[in-house]
Amino acid sequence: MWVANPGFRLKVPDFCAAKVRGYSGGELGLGSLPEDLRVASGADGNLSFEAIVEVVERLGPETLLDVKAGPCAMVAAVEPDIRAKIRDTLRLAPNPERLHFFDAKTEAAI
């Protein structure tokens, strides 16, 4: 299953797609917590996306990155050794085990 929004596209693993297979309520939303996003490796393939860094906040044990992926704004909590700067383009990957799906209209969890 692909999740797509203008400027944002992500292939969701089959086991995730099974969670929402019976859903017929309309548009789906996809969410991930900041600690469940990481800088992608080559092994992440389609389960990654490009994001532009807008804010960098170094907090010691982690670095918070406010990023924009197409029209979607999000925060990633990454390892402190990631040396991202404002306007850098990074490839991020969510933890597929921790993806959250919700009804885009009502915001109810699915």
# chains A, B, ... in the order shown; residues from 1 in each chain; ligands from 1
>>> select_by_dssp(residues="chain A", states="strand (DSSP E)", output="PyMOL selection string")
chain A and resi 2-5+8-11+28-31+37-39+49-58+63-69+72-78+89-94+100-103
>>> residues_around(residues="Arg83 (chain A)", least_positions_apart="2", cutoff="12 Å", atoms="only C-alpha atoms", output="list in words")
Val39, Val53, Val56, Glu57, Arg58, Glu62, Thr63, Leu64, Leu65, Val78, Glu79, Pro80, Asp81, Lys85, Ile86, Asp88, Thr89 and Leu90 of chain A
>>> write_last_selection(atoms="N, CA and C atoms", output="short mmCIF file (atom, residue, chain, number, x, y, z; two decimals), in the first residue's frame")
data_model
loop_
_atom_site.label_atom_id
_atom_site.label_comp_id
_atom_site.auth_asym_id
_atom_site.auth_seq_id
_atom_site.Cartn_x
_atom_site.Cartn_y
_atom_site.Cartn_z
N VAL A 39 17.11 8.84 10.51
CA VAL A 39 17.74 9.06 9.22
C VAL A 39 17.82 7.71 8.52
N VAL A 53 15.05 20.16 6.27
CA VAL A 53 15.21 20.58 7.66
C VAL A 53 14.87 22.07 7.78
N VAL A 56 16.72 23.03 13.77
CA VAL A 56 17.59 22.04 14.43
C VAL A 56 17.70 22.43 15.89
N GLU A 57 17.36 21.50 16.79
CA GLU A 57 17.44 21.76 18.23
C GLU A 57 18.27 20.65 18.87
N ARG A 58 19.49 20.95 19.21
CA ARG A 58 20.40 19.96 19.81
C ARG A 58 20.16 19.92 21.32
N GLU A 62 19.84 13.72 22.20
CA GLU A 62 19.13 13.63 20.92
C GLU A 62 19.09 15.00 20.27
N THR A 63 18.78 15.00 18.99
CA THR A 63 18.58 16.24 18.25
C THR A 63 17.18 16.21 17.67
N LEU A 64 16.43 17.27 17.88
CA LEU A 64 15.10 17.39 17.29
C LEU A 64 15.21 18.16 15.98
N LEU A 65 14.64 17.60 14.94
CA LEU A 65 14.61 18.25 13.63
C LEU A 65 13.17 18.52 13.25
N VAL A 78 16.41 12.50 16.39
CA VAL A 78 17.48 11.69 15.81
C VAL A 78 18.69 11.65 16.73
N GLU A 79 19.64 10.78 16.42
CA GLU A 79 20.87 10.65 17.19
C GLU A 79 21.63 11.98 17.20
N PRO A 80 22.32 12.29 18.29
CA PRO A 80 23.02 13.57 18.39
C PRO A 80 24.17 13.73 17.41
N ASP A 81 24.66 12.63 16.84
CA ASP A 81 25.78 12.75 15.90
C ASP A 81 25.33 13.10 14.48
N LYS A 85 21.78 20.64 9.09
CA LYS A 85 21.68 22.10 9.16
C LYS A 85 20.36 22.52 8.51
N ILE A 86 19.92 23.72 8.82
CA ILE A 86 18.71 24.27 8.22
C ILE A 86 18.87 24.27 6.70
N ASP A 88 19.00 21.64 4.85
CA ASP A 88 19.52 20.35 4.38
C ASP A 88 18.35 19.46 3.96
N THR A 89 18.59 18.61 3.00
CA THR A 89 17.62 17.58 2.62
C THR A 89 18.11 16.26 3.18
N LEU A 90 17.26 15.62 3.96
CA LEU A 90 17.57 14.31 4.56
C LEU A 90 16.57 13.29 4.07
#
>>> residues_around(residues="Asn46 (chain A)", least_positions_apart="4", cutoff="12 Å", atoms="only C-alpha atoms", output="PyMOL selection string")
chain A and resi 1-3+8-13+40-42+50+91-94+96
>>> closest_residue(among="A:Ala77, A:Tyr23, A:Asn95, A:Leu30", to="Asp44 (chain A)", atoms="only C-alpha atoms")
A:Asn95
>>> residues_around(residues="Val20 (chain A)", least_positions_apart="2", cutoff="12 Å", atoms="only C-alpha atoms", output="list of chain:residue names")
A:Met1, A:Val12, A:Pro13, A:Asp14, A:Phe15, A:Cys16, A:Ala17, A:Ala18, A:Gly22, A:Tyr23, A:Ser24, A:Gly25, A:Gly26, A:Glu27, A:Leu28, A:Gly29, A:Leu30, A:Leu99, A:His100, A:Phe101, A:Phe102, A:Asp103, A:Ala109, A:Ile110
>>> select_by_dssp(residues="chain A", states="alpha helix (DSSP H)", output="count of residues only")
7
>>> closest_residue(among="A:Arg21, A:Lys68, A:Arg87, A:Arg98", to="Leu37 (chain A)", atoms="only C-alpha atoms")
A:Arg98
>>> closest_residue(among="A:Ala108, A:Leu33, A:Ile52, A:Leu47", to="Val67 (chain A)", atoms="only C-alpha atoms")
A:Ile52
>>> atom_distance(atom1="CA of Ser48 (chain A)", atom2="CA of Thr106 (chain A)")
26.7 Å
